[in-house]
2 protein chains.
Amino acid sequence: MIQKHPREMPVRIIPLGGVEEIGRNMTVIEYGNDIVVIDAGLEFPQEETPGIDYIIPNTKYLEARKHKIRGLIISHGHLDHVGAIPYLIERLGLPPIYTTKLTKAMILKRQEEFPHSRRLHIEEIKSDSMIKLGQLKARFFDITHTIPDAIGTILETPFGNVIYPGDFKIELDVKGKPMHIDQYTKLGKEKNLVLLMESTNAEAPGFSIPEKTVHQNLEKIIAGAKGRVITGTFSSLLERIIEIIKIAERHGRKVVIDGFSMKANVEIAKELGFFKPKKDTIITADRISSYPPEKIVAICTGAQGEENAALMRIANRKHKYIRIQKDDAIILSSSIIPGNERNIQNLKDNLARQGAKIIHYKVADVHASGHAYQEELKLMLKMLRPKFLIPIHGYYFMLKTNADLAESVGISKENIAIPLNNGSIIEVTKEKIHLLKESVPANLVMVDGLGVGDVQEVVMRDRQALAQDGIFVVITIIDSQTGKVRNSPDIISRGFVYLRESQELLRQVRHLIRKTVEDATAKMHPINMDYVKNLLRENIGKFLFQKTKRRPMVLTVLIEV
Amino acid sequence: MIQKHPREMPVRIIPLGGVEEIGRNMTVIEYGNDIVVIDAGLEFPQEETPGIDYIIPNTKYLEARKHKIRGLIISHGHLDHVGAIPYLIERLGLPPIYTTKLTKAMILKRQEEFPHSRRLHIEEIKSDSMIKLGQLKARFFDITHTIPDAIGTILETPFGNVIYPGDFKIELDVKGKPMHIDQYTKLGKEKNLVLLMESTNAEAPGFSIPEKTVHQNLEKIIAGAKGRVITGTFSSLLERIIEIIKIAERHGRKVVIDGFSMKANVEIAKELGFFKPKKDTIITADRISSYPPEKIVAICTGAQGEENAALMRIANRKHKYIRIQKDDAIILSSSIIPGNERNIQNLKDNLARQGAKIIHYKVADVHASGHAYQEELKLMLKMLRPKFLIPIHGYYFMLKTNADLAESVGISKENIAIPLNNGSIIEVTKEKIHLLKESVPANLVMVDGLGVGDVQEVVMRDRQALAQDGIFVVITIIDSQTGKVRNSPDIISRGFVYLRESQELLRQVRHLIRKTVEDATAKMHPINMDYVKNLLRENIGKFLFQKTKRRPMVLTVLIEV
């Protein structure tokens with residue numbers, strides 16, 4: 001194979017995940033013999049993938065080129081950016097991971113759940129670090145998101161910088177100046193080739209609510225509360241959790257942190273010195289009743305109505321130590337993640353039935369997104385001044401909306417490449433950005449128990465079908481000499497009809513089985529068992545549909561004796 | 001039994017559906033020997049009720065008292081108010097139905113799908129009708145909703161009026177005056193005992209967007225469109241559909257109506273004279289290409305991303321006659337019904353991938369809710385001036401929010417009764433409103449194929465379990481003399497693992513079966529088949545979980561020979 005002249009050889013950018021969904025973010029940047037991967041996130045299961053644990057990026061393309069991988073850079077510690085590491089890092093040949101102190105600690109904490117995994121090589125970086133990754137060089141910059149220690153990446157290529165801020169929002173500092181603006185405008189003066197920009201909130205007009213506003217509102221509520229304040233939020237919103245602890249301290253309240261992941265995150269942040277609570281501020285849930293209500297703030301997981309999370313257990317009166325009391329104020333400091341509407345409704349209903357006062361993001365600014373709104377996206381574009389834009393992180397319509405925004409601030413249409421799908425290949429040279437027709441493998445890779453990637457589509461389809469009308473299994477013993485049915489056929493059914501109340505239906509099915517089998521075998525010699533089996537399945541399926549207008553999965557087992 | 005003196009005998013109000021959900025609305029009003037039922041709606045299946053068609057109100061209470069039922073009043077023709085009629089009207093003893101002309105036609109149209117049902121007795125009423133229902137009298141008033149011919153009900157009781165507006169919003173007329181305000185203020189001067197008020201939008205501040213604004217915006221878009229305008233909306237928004245047809249006529253465009261339910265509704269409205277399109281305005285979809293793009297408006301079902309609806313077929317390039325073209329403008333004239341987020345995202349993504357321009361309710365006012373916002377709810381309260389309030393139609397938190405609104409305009413807490421659940425009993429006398437501790441049966445009644453109410457909770461639980469990890473069926477033949485396993489056990493599995501790639505696992509399971517059975521039967525005489533069966537199920541379940549960390553439903557069949 002003839003090596004292309006560097007001038008002709010484009011930089012390849014391949015989003016392996018995160019452009020057909022919110023989550024499982026992973027982007028490949030390839031130049032010649034060098035591949036740099038940024039982020040390795042997971043996505044939570046969807047309606048069409050019932051029963052699985054996670055969906056992770058399809059890394060087939062990388063697995064075939066693992067000798068080229070110079071490193072995996074992680075932008076911050078959220079699961080949609082780090083969550084796939086345990087499942088795929090070995091498949092990628094265990095490349096070095098580059099990330100910041102807090103993110104490193106969170107990755108290592110999670111890795112403890114995978115005791116049989118090989119040791120990770122994590123190199124700690126800061127926003128002023130510089131690392132060589134083959135022919136490429138990486139530098140970093142500070143990012144404001146909802147978790148400390150988030151970084152953006154600048155990948156130097158022969159054509160200019162490829163910039164990946166990751167998840168970001170633009171927050172103002174105490175002087176009213178955008179935070180990190182000096183870094184951004186300085187970076188804007190470099191030769192910036194491509195910006196890979198997130199699109200999560202590309203449809204939201206204006207600026208996002210400043211996190212500072214949320215902190216102020218939380219402080220107001222906590223300061224004015226007569227009784228306990230119970231807040232529900234995401235364990236990933238570590239900045240806010242830290243702030244609530246500080247607010248509680250300022251108002252002489254103890255803090256109960258309830259929820260496994262939240263406790264773990266707070267513990268890590270504390271250990272690494274990201275905040276320093278007084279020794280006796282944080283108390284365990286079992287001690288909540290040792291203090292008067294006005295001295296308590298609880299921070300709980302479960303604001304999405306997750307079944308076994310702390311807040312849901314409180315709502316359902318299943319919490320070991322916390323019951324709703326008069327004067328409790330419940331703050332739902334979170335938004336609604338699509339798909340969780342019903343669970344959150346249940347949560348609110350059950351809390352309200354017990355008389356709790358509920359403050360949620362629709363009635364007060366007690367939550368802010370960590371993702372840039374339209375004006376912030378435009379501002380970032382104007383500050384970084386890239387030649388080309390690739391919108392990432394979001395559904396296609398969001399990417400398209402992000403592209404339209406960029407056009408509105410002067411980036412021409414031909415300088416924008418919207419990935420059509422996960423696995424889309426985008427080639428960039430000094431002059432041109434180009435979305436290739438072909439793409440790399442991107443079919444779903446699912447984690448289901450111990451299996452990674454082995455859950456086939458047929459298994460998913462079967463689960464969906466089983467959820468619709470259940471299953472109907474018929475076991476028939478046939479005398480292979482006479483073709484007669486012996487005994488009464490066994491019928492097992494689940495999720496179809498309530499068997500105890502369907503004895504007449506079962507009787508008719510047994511009759512149908514006998515008739516079908518014996519009619520078919522009467523003049524058959526030798527008996528073609530496959531034929532009989534298929535005929536039986538078909539007849540039973542038709543009969544059940546006719547009787548019930550339901551279509552359970554029908555399985556037939558013939559046993560010859 | 002001693003009949004209570006009328007003065008002591010309260011009016012009983014029992015919401016049988018619609019106070020723990022949006023949908024399956026049905027309210028019982030009982031006084032002495034007379035029961036009046038208002039509305040008989042259905043609810044669409046939820047996450048926790050997979051595979052069913054609908055959920056309908058539980059009418060056990062009414063079935064036991066059907067001799068008392070004087071009539072079923074229907075407020076308007078939407079499925080959450082009429083949809084349960086075919087399933088429960090005979091169980092209620094086929095009482096007379098009172099409703100308006102359009103609603104009647106829609107009920108009868110739907111009844112055609114139930115050819116074996118008995119004939120309905122529907123008595124047509126108008127807003128100035130008066131009917132006697134035992135000791136009670138019903139009068140009516142006009143209501144603005146998203147479908148023509150909606151009416152509110154005034155039920156005269158000895159203590160005063162029980163008022164049920166049904167679904168409503170307050171729209172201004174051409175002079176800027178609230179429509180029907182004269183009726184409302186006149187009614188406000190009567191002796192109004194209880195208002196049963198909907199709570200769907202009780203959490204939405206301000207006034208809802210006027211439907212008129214939506215019409216104006218739609219007209220602007222259609223007037224300015226260079227190519228075809230394809231609108232997706234609910235087939236139930238009949239007022240808007242009629243208006244779009246009128247707009248198209250004004251701009252010389254032909255109209256394609258695509259979607260079974262939409263066509264049916266338009267046909268009924270046309271036949272009854274609710275609007276009169278020109279003879280050649282409405283064309284069939286197959287003729288869409290006979291006209292230049294700027295002469296076409298299509299009105300399609302599927303704005304919620306329903307799999308086989310017209311718009312989704314267009315998005316997925318499966319529509320027989322319509323493919324997305326350059327300059328097509330797609331208007332999603334609808335909101336997002338919770339639970340449909342993912343499907344709507346798919347719809348938008350696929351339309352955008354083909355280059356369509358999409359206008360949806362977040363970027364322009366092309367949709368308005370048909371349900372009153374907070375200021376409208378307050379206005380209605382002030383106009384009707386009831387003594388007591390029962391918030392209905394919504395989840396508990398919505399009802400509670402509606403109650404809080406009422407308090408804010410001067411209704412005292414003790415004059416408000418919030419139903420705790422479907423089946424809650426509220427008793428009202430002249431002086432007092434009272435939520436009883438006991439309630440009437442309200443467990444889920446589901447329609448699943450031909451079965452109504454026969455889908456037991458265990459069937460739902462099984463479907464959910466099957467959707468999680470699938471099923472694993474083991475069929476073992478045991479020699480009842482020796483206790484030995486004959487042949488190789490049959491294994492059937494669906495939705496668990498991909499069997500073709502799991503041969504080693506299956507081999508191990510077969511080995512486990514043989515060992516479990518033969519170890520157990522070795523010293524057993526006679527063989528206790530139930531014991532062996534349970535042991536086998538337990539061992540296989542444990543083994544599969546250990547190997548896969550999945551928990552399929554394990555079923556074991558033992559056949560003795």
# chains A, B, ... in the order shown; residues from 1 in each chain; ligands from 1
call {"tool": "residues_around", "arguments": {"residues": "range 13-16 of chain B", "least_positions_apart": "2", "cutoff": "9 Å", "atoms": "only C-alpha atoms", "output": "MDAnalysis selection string"}}
result
chainID B and resid 11 18:19 24:31 57:59 61 392 419 421:428 439:442
call {"tool": "write_last_selection", "arguments": {"atoms": "C-alpha atoms", "output": "PDB file, in the first residue's frame"}}
result
ATOM      1  CA  VAL B  11     -74.976  13.690  47.183  1.00  0.00           C
ATOM      2  CA  GLY B  18     -59.420  10.220  35.573  1.00  0.00           C
ATOM      3  CA  VAL B  19     -58.017  11.210  38.954  1.00  0.00           C
ATOM      4  CA  ARG B  24     -60.384   7.002  31.351  1.00  0.00           C
ATOM      5  CA  ASN B  25     -62.609   9.763  32.628  1.00  0.00           C
ATOM      6  CA  MET B  26     -65.798   8.697  34.319  1.00  0.00           C
ATOM      7  CA  THR B  27     -67.646  10.332  37.176  1.00  0.00           C
ATOM      8  CA  VAL B  28     -70.597   9.019  39.133  1.00  0.00           C
ATOM      9  CA  ILE B  29     -73.105  11.338  40.772  1.00  0.00           C
ATOM     10  CA  GLU B  30     -75.510   9.572  43.057  1.00  0.00           C
ATOM     11  CA  TYR B  31     -78.422  10.846  45.054  1.00  0.00           C
ATOM     12  CA  PRO B  57     -62.825   2.664  34.263  1.00  0.00           C
ATOM     13  CA  ASN B  58     -63.661  -0.003  36.792  1.00  0.00           C
ATOM     14  CA  THR B  59     -67.453  -0.060  36.909  1.00  0.00           C
ATOM     15  CA  TYR B  61     -69.756  -0.204  41.765  1.00  0.00           C
ATOM     16  CA  ILE B 392     -60.645  15.985  38.648  1.00  0.00           C
ATOM     17  CA  PRO B 419     -59.994  12.616  45.326  1.00  0.00           C
ATOM     18  CA  ASN B 421     -57.615   7.762  44.095  1.00  0.00           C
ATOM     19  CA  ASN B 422     -59.997   6.504  41.473  1.00  0.00           C
ATOM     20  CA  GLY B 423     -62.937   5.179  43.407  1.00  0.00           C
ATOM     21  CA  SER B 424     -62.698   7.824  46.129  1.00  0.00           C
ATOM     22  CA  ILE B 425     -66.118   8.697  47.540  1.00  0.00           C
ATOM     23  CA  ILE B 426     -66.970  12.316  48.188  1.00  0.00           C
ATOM     24  CA  GLU B 427     -70.141  13.219  50.005  1.00  0.00           C
ATOM     25  CA  VAL B 428     -71.652  16.655  49.710  1.00  0.00           C
ATOM     26  CA  SER B 439     -63.627   3.820  48.426  1.00  0.00           C
ATOM     27  CA  VAL B 440     -65.248   1.732  45.698  1.00  0.00           C
ATOM     28  CA  PRO B 441     -63.382  -0.872  43.583  1.00  0.00           C
ATOM     29  CA  ALA B 442     -60.942   0.745  41.214  1.00  0.00           C
TER      30      ALA B 442
END
call {"tool": "closest_atom_pairs", "arguments": {"of": "chain B", "to": "chain A", "cutoff": "8 Å", "atoms": "only C-alpha atoms", "output": "Markdown table"}}
result
| residue | atom | partner | partner_atom | distance |
| --- | --- | --- | --- | --- |
| B:Pro50 | CA | A:Gln468 | CA | 5.7 |
| B:Gly51 | CA | A:Gln468 | CA | 3.7 |
| B:Ile52 | CA | A:Gln468 | CA | 7.2 |
| B:Pro338 | CA | A:Glu341 | CA | 6.4 |
| B:Gly339 | CA | A:Gly339 | CA | 6.2 |
| B:Glu341 | CA | A:Pro338 | CA | 6.4 |
| B:Arg342 | CA | A:Pro338 | CA | 7.7 |
| B:Gln345 | CA | A:Tyr395 | CA | 7.4 |
| B:Lys348 | CA | A:Phe397 | CA | 6.2 |
| B:Asp349 | CA | A:Phe397 | CA | 4.9 |
| B:Ala352 | CA | A:Phe397 | CA | 6.1 |
| B:Arg353 | CA | A:Tyr396 | CA | 7.3 |
| B:Tyr395 | CA | A:Asp349 | CA | 6.8 |
| B:Tyr396 | CA | A:Asp349 | CA | 5.1 |
| B:Phe397 | CA | A:Asp349 | CA | 4.9 |
| B:Lys400 | CA | A:Ala352 | CA | 7.6 |
| B:Leu420 | CA | A:Arg353 | CA | 7.3 |
| B:Asp448 | CA | A:Arg550 | CA | 7.3 |
| B:Gly449 | CA | A:Lys549 | CA | 4.4 |
| B:Leu450 | CA | A:Thr548 | CA | 5.0 |
| B:Gly451 | CA | A:Thr548 | CA | 6.6 |
| B:Asp454 | CA | A:Tyr498 | CA | 7.5 |
| B:Val455 | CA | A:Val497 | CA | 6.5 |
| B:Gln456 | CA | A:Tyr498 | CA | 6.3 |
| B:Val458 | CA | A:Tyr498 | CA | 7.5 |
| B:Val459 | CA | A:Gly495 | CA | 4.4 |
| B:Met460 | CA | A:Gly495 | CA | 6.4 |
| B:Arg461 | CA | A:Gly495 | CA | 7.6 |
| B:Asp462 | CA | A:Gly495 | CA | 4.9 |
| B:Arg463 | CA | A:Ala467 | CA | 4.5 |
| B:Gln464 | CA | A:Ala467 | CA | 6.0 |
| B:Leu466 | CA | A:Leu466 | CA | 5.9 |
| B:Ala467 | CA | A:Arg463 | CA | 4.5 |
| B:Gln468 | CA | A:Gly51 | CA | 3.7 |
| B:Asp469 | CA | A:Gly51 | CA | 5.8 |
| B:Gly470 | CA | A:Arg463 | CA | 5.9 |
| B:Arg494 | CA | A:Asp462 | CA | 6.0 |
| B:Gly495 | CA | A:Val459 | CA | 4.4 |
| B:Phe496 | CA | A:Val459 | CA | 6.4 |
| B:Val497 | CA | A:Val459 | CA | 6.5 |
| B:Tyr498 | CA | A:Val459 | CA | 6.3 |
| B:Lys547 | CA | A:Leu450 | CA | 7.5 |
| B:Thr548 | CA | A:Leu450 | CA | 5.0 |
| B:Lys549 | CA | A:Gly449 | CA | 4.4 |
| B:Arg550 | CA | A:Gly449 | CA | 5.6 |
call {"tool": "residues_around", "arguments": {"residues": "Lys169 in chain A", "least_positions_apart": "3", "cutoff": "9 Å", "atoms": "only C-alpha atoms", "output": "list in words"}}
result
Ile143, Thr144, His145, Thr146, Ser208, Pro210, Ser369, Gly370, His371, Ala372, Tyr373, Glu376 and Leu377 of chain A
call {"tool": "select_by_dssp", "arguments": {"residues": "range 344-519 of chain B", "states": "strand (DSSP E)", "output": "PyMOL selection string"}}
result
chain B and resi 357-360+388-392+424-428+433-439+445-448+451-452+471-478+485-494
call {"tool": "residues_around", "arguments": {"residues": "Leu238 in chain A", "least_positions_apart": "3", "cutoff": "9 Å", "atoms": "only C-alpha atoms", "output": "PyMOL selection string"}}
result
chain A and resi 146-148+234-235+241-243+262+265-266+269
call {"tool": "select_by_dssp", "arguments": {"residues": "range 171-275 of chain B", "states": "alpha helix (DSSP H)", "output": "PyMOL selection string"}}
result
chain B and resi 181-188+211-224+238-250+260-271
call {"tool": "residues_around", "arguments": {"residues": "Ile97 in chain B", "least_positions_apart": "4", "cutoff": "8 Å", "atoms": "only C-alpha atoms", "output": "ChimeraX atom specification"}}
result
/B:71-74,120-123
call {"tool": "residues_around", "arguments": {"residues": "range 251-261 of chain A", "least_positions_apart": "2", "cutoff": "10 Å", "atoms": "only C-alpha atoms", "output": "compact mmCIF listing (two decimals) with N, CA, C and O atoms, in the first residue's frame"}}
result
# COMPACT_ATOMS: atom_id res chain seq x y z
N ARG A 110 -15.19 3.27 39.96
CA ARG A 110 -16.11 2.38 39.24
C ARG A 110 -15.45 1.06 38.90
O ARG A 110 -16.08 0.00 38.93
N GLU A 219 -30.39 28.31 48.42
CA GLU A 219 -30.05 28.93 49.72
C GLU A 219 -31.26 29.64 50.31
O GLU A 219 -31.53 29.52 51.51
N ILE A 222 -33.66 27.00 51.66
CA ILE A 222 -33.14 26.35 52.87
C ILE A 222 -33.16 27.34 54.04
O ILE A 222 -33.54 26.98 55.16
N ALA A 223 -32.80 28.59 53.75
CA ALA A 223 -32.79 29.60 54.82
C ALA A 223 -34.20 29.82 55.37
O ALA A 223 -34.38 30.02 56.57
N GLY A 224 -35.21 29.74 54.50
CA GLY A 224 -36.56 30.07 54.94
C GLY A 224 -37.39 28.88 55.39
O GLY A 224 -38.52 29.05 55.84
N ARG A 228 -37.60 20.32 57.73
CA ARG A 228 -36.51 19.69 56.99
C ARG A 228 -36.57 20.10 55.52
O ARG A 228 -37.65 20.36 54.97
N VAL A 229 -35.43 20.14 54.89
CA VAL A 229 -35.39 20.31 53.44
C VAL A 229 -34.83 19.02 52.87
O VAL A 229 -33.74 18.59 53.24
N ILE A 230 -35.62 18.40 52.00
CA ILE A 230 -35.17 17.16 51.38
C ILE A 230 -35.00 17.44 49.89
O ILE A 230 -35.97 17.78 49.21
N THR A 231 -33.78 17.36 49.41
CA THR A 231 -33.56 17.66 48.00
C THR A 231 -33.28 16.36 47.25
O THR A 231 -32.59 15.48 47.74
N GLY A 232 -33.86 16.27 46.08
CA GLY A 232 -33.55 15.14 45.21
C GLY A 232 -32.82 15.68 44.01
O GLY A 232 -33.22 16.70 43.43
N PHE A 234 -29.48 14.61 40.82
CA PHE A 234 -28.64 13.58 40.21
C PHE A 234 -27.33 13.46 40.99
O PHE A 234 -26.74 14.48 41.37
N SER A 235 -26.87 12.26 41.19
CA SER A 235 -25.59 12.09 41.89
C SER A 235 -24.44 12.65 41.07
O SER A 235 -23.36 12.91 41.58
N SER A 236 -24.68 12.85 39.79
CA SER A 236 -23.63 13.36 38.89
C SER A 236 -23.47 14.88 39.00
O SER A 236 -22.45 15.42 38.58
N ILE A 241 -24.24 19.46 44.52
CA ILE A 241 -24.29 18.72 45.79
C ILE A 241 -23.33 19.36 46.78
O ILE A 241 -23.67 19.60 47.95
N ILE A 244 -24.83 22.57 48.03
CA ILE A 244 -25.91 22.38 49.02
C ILE A 244 -25.33 22.07 50.39
O ILE A 244 -25.80 22.58 51.42
N ILE A 245 -24.26 21.29 50.41
CA ILE A 245 -23.61 20.99 51.70
C ILE A 245 -23.08 22.29 52.32
O ILE A 245 -23.26 22.54 53.52
N LYS A 246 -22.47 23.13 51.49
CA LYS A 246 -21.96 24.41 52.01
C LYS A 246 -23.09 25.30 52.53
O LYS A 246 -22.97 25.94 53.57
N ILE A 247 -24.19 25.34 51.78
CA ILE A 247 -25.35 26.15 52.21
C ILE A 247 -25.86 25.65 53.56
O ILE A 247 -26.11 26.43 54.47
N ALA A 248 -25.99 24.32 53.66
CA ALA A 248 -26.48 23.73 54.91
C ALA A 248 -25.57 24.15 56.07
O ALA A 248 -26.06 24.55 57.14
N GLU A 249 -24.27 24.11 55.84
CA GLU A 249 -23.33 24.51 56.90
C GLU A 249 -23.56 25.97 57.30
O GLU A 249 -23.57 26.30 58.48
N LYS A 263 -23.22 9.19 47.63
CA LYS A 263 -22.25 9.08 48.73
C LYS A 263 -20.84 8.88 48.19
O LYS A 263 -19.89 9.52 48.65
N ALA A 264 -20.73 7.98 47.21
CA ALA A 264 -19.41 7.67 46.65
C ALA A 264 -18.79 8.92 46.02
O ALA A 264 -17.62 9.24 46.26
N ASN A 265 -19.59 9.66 45.25
CA ASN A 265 -19.07 10.85 44.58
C ASN A 265 -18.63 11.92 45.58
O ASN A 265 -17.58 12.54 45.42
N VAL A 266 -19.46 12.11 46.61
CA VAL A 266 -19.12 13.12 47.63
C VAL A 266 -17.84 12.71 48.34
O VAL A 266 -16.95 13.54 48.60
N GLU A 267 -17.73 11.44 48.63
CA GLU A 267 -16.55 10.93 49.33
C GLU A 267 -15.28 11.21 48.51
O GLU A 267 -14.28 11.72 49.03
N ASP A 280 -18.42 17.39 61.45
CA ASP A 280 -19.70 16.80 61.86
C ASP A 280 -20.88 17.27 61.01
O ASP A 280 -22.03 17.11 61.41
N THR A 281 -20.62 17.85 59.87
CA THR A 281 -21.73 18.31 59.02
C THR A 281 -22.51 17.14 58.44
O THR A 281 -23.74 17.10 58.48
N ILE A 282 -21.79 16.19 57.88
CA ILE A 282 -22.47 15.08 57.21
C ILE A 282 -22.76 13.99 58.23
O ILE A 282 -21.85 13.49 58.91
N ILE A 283 -24.05 13.66 58.35
CA ILE A 283 -24.45 12.60 59.28
C ILE A 283 -25.10 11.47 58.51
O ILE A 283 -25.52 11.65 57.37
N THR A 284 -25.19 10.32 59.12
CA THR A 284 -25.82 9.19 58.44
C THR A 284 -27.33 9.26 58.63
O THR A 284 -27.83 9.89 59.58
N ALA A 285 -28.05 8.64 57.71
CA ALA A 285 -29.51 8.75 57.68
C ALA A 285 -30.15 8.26 58.98
O ALA A 285 -31.18 8.79 59.42
N ASP A 286 -29.56 7.28 59.62
CA ASP A 286 -30.16 6.75 60.84
C ASP A 286 -30.16 7.77 61.98
O ASP A 286 -30.86 7.61 62.96
N ARG A 287 -29.36 8.84 61.82
CA ARG A 287 -29.30 9.85 62.89
C ARG A 287 -30.20 11.05 62.61
O ARG A 287 -30.21 12.02 63.36
N ILE A 288 -30.98 10.97 61.53
CA ILE A 288 -31.78 12.14 61.12
C ILE A 288 -32.74 12.58 62.22
O ILE A 288 -32.99 13.78 62.39
N TYR A 291 -31.88 15.16 65.39
CA TYR A 291 -31.80 16.62 65.26
C TYR A 291 -33.19 17.18 64.99
O TYR A 291 -34.02 16.51 64.37
N PRO A 292 -33.43 18.40 65.43
CA PRO A 292 -34.74 18.99 65.12
C PRO A 292 -34.86 19.22 63.61
O PRO A 292 -33.83 19.40 62.93
N PRO A 293 -36.09 19.19 63.07
CA PRO A 293 -36.30 19.28 61.62
C PRO A 293 -35.61 20.49 60.99
O PRO A 293 -35.07 20.38 59.88
N GLU A 294 -35.59 21.60 61.68
CA GLU A 294 -35.02 22.81 61.07
C GLU A 294 -33.50 22.76 61.02
O GLU A 294 -32.86 23.71 60.58
N LYS A 295 -32.93 21.66 61.49
CA LYS A 295 -31.48 21.51 61.46
C LYS A 295 -31.04 20.47 60.44
O LYS A 295 -29.92 19.98 60.48
N ILE A 296 -31.96 20.12 59.54
CA ILE A 296 -31.67 19.01 58.62
C ILE A 296 -31.82 19.42 57.15
O ILE A 296 -32.79 20.06 56.76
N VAL A 297 -30.83 19.03 56.37
CA VAL A 297 -30.97 19.00 54.91
C VAL A 297 -30.62 17.59 54.48
O VAL A 297 -29.61 17.04 54.90
N ALA A 298 -31.48 16.99 53.68
CA ALA A 298 -31.14 15.68 53.11
C ALA A 298 -30.92 15.85 51.62
O ALA A 298 -31.65 16.60 50.96
N ILE A 299 -29.90 15.21 51.10
CA ILE A 299 -29.67 15.22 49.65
C ILE A 299 -29.79 13.78 49.19
O ILE A 299 -29.04 12.91 49.64
N CYS A 300 -30.76 13.54 48.33
CA CYS A 300 -31.09 12.16 47.98
C CYS A 300 -30.99 11.92 46.48
O CYS A 300 -31.25 12.80 45.67
N THR A 301 -30.70 10.70 46.12
CA THR A 301 -30.88 10.26 44.74
C THR A 301 -32.36 9.97 44.53
O THR A 301 -33.13 9.92 45.48
N GLY A 302 -32.76 9.80 43.27
CA GLY A 302 -34.13 9.37 43.02
C GLY A 302 -35.05 10.45 42.50
O GLY A 302 -36.26 10.24 42.43
N ASN A 308 -35.76 2.16 43.34
CA ASN A 308 -35.20 1.88 44.66
C ASN A 308 -34.33 2.99 45.22
O ASN A 308 -33.66 2.81 46.24
N ALA A 309 -34.34 4.13 44.54
CA ALA A 309 -33.51 5.24 45.00
C ALA A 309 -34.14 5.88 46.24
O ALA A 309 -35.32 5.68 46.54
N ALA A 310 -33.32 6.65 46.94
CA ALA A 310 -33.71 7.17 48.26
C ALA A 310 -35.04 7.91 48.26
O ALA A 310 -35.94 7.59 49.05
N LEU A 311 -35.19 8.86 47.36
CA LEU A 311 -36.39 9.69 47.39
C LEU A 311 -37.66 8.88 47.11
O LEU A 311 -38.72 9.13 47.70
call {"tool": "residues_around", "arguments": {"residues": "Arg537 in chain A", "least_positions_apart": "3", "cutoff": "8 Å", "atoms": "only C-alpha atoms", "output": "PyMOL selection string"}}
result
chain A and resi 533-534+540-541+554-556
call {"tool": "write_last_selection", "arguments": {"atoms": "N, CA and C atoms", "output": "tab-separated table (two decimals), in the first residue's frame"}}
result
chain	number	residue	atom	x	y	z
A	533	LYS	N	-45.03	-30.39	13.45
A	533	LYS	CA	-44.73	-29.35	14.44
A	533	LYS	C	-45.14	-27.96	13.91
A	534	ASN	N	-44.77	-27.69	12.67
A	534	ASN	CA	-45.09	-26.38	12.08
A	534	ASN	C	-46.59	-26.21	11.91
A	540	ILE	N	-52.50	-23.63	16.17
A	540	ILE	CA	-52.73	-23.12	17.54
A	540	ILE	C	-52.70	-21.59	17.52
A	541	GLY	N	-51.73	-21.02	16.80
A	541	GLY	CA	-51.64	-19.57	16.71
A	541	GLY	C	-52.93	-18.97	16.17
A	554	VAL	N	-46.04	-18.80	19.99
A	554	VAL	CA	-46.44	-20.20	20.17
A	554	VAL	C	-45.23	-21.10	19.88
A	555	LEU	N	-44.89	-21.96	20.83
A	555	LEU	CA	-43.79	-22.89	20.63
A	555	LEU	C	-44.34	-24.30	20.82
A	556	THR	N	-43.94	-25.20	19.93
A	556	THR	CA	-44.45	-26.56	20.05
A	556	THR	C	-43.27	-27.53	20.18
call {"tool": "atom_distance", "arguments": {"atom1": "CA of Thr476 in chain A", "atom2": "CA of Glu560 in chain B"}}
result
12.9 Å
call {"tool": "decode", "arguments": {"residues": "range 417-431 of chain B", "atoms": "C-alpha atoms", "output": "CSV table (one decimal), in the first residue's frame"}}
result
chain,number,residue,atom,x,y,z
B,417,ALA,CA,-62.1,17.7,48.3
B,418,ILE,CA,-59.3,16.2,46.4
B,419,PRO,CA,-60.0,12.6,45.3
B,420,LEU,CA,-57.2,10.5,46.7
B,421,ASN,CA,-57.6,7.8,44.1
B,422,ASN,CA,-60.0,6.5,41.5
B,423,GLY,CA,-62.9,5.2,43.4
B,424,SER,CA,-62.7,7.8,46.1
B,425,ILE,CA,-66.1,8.7,47.5
B,426,ILE,CA,-67.0,12.3,48.2
B,427,GLU,CA,-70.1,13.2,50.0
B,428,VAL,CA,-71.7,16.7,49.7
B,429,THR,CA,-74.5,18.3,51.6
B,430,LYS,CA,-75.6,21.9,51.7
B,431,GLU,CA,-73.0,22.6,54.4
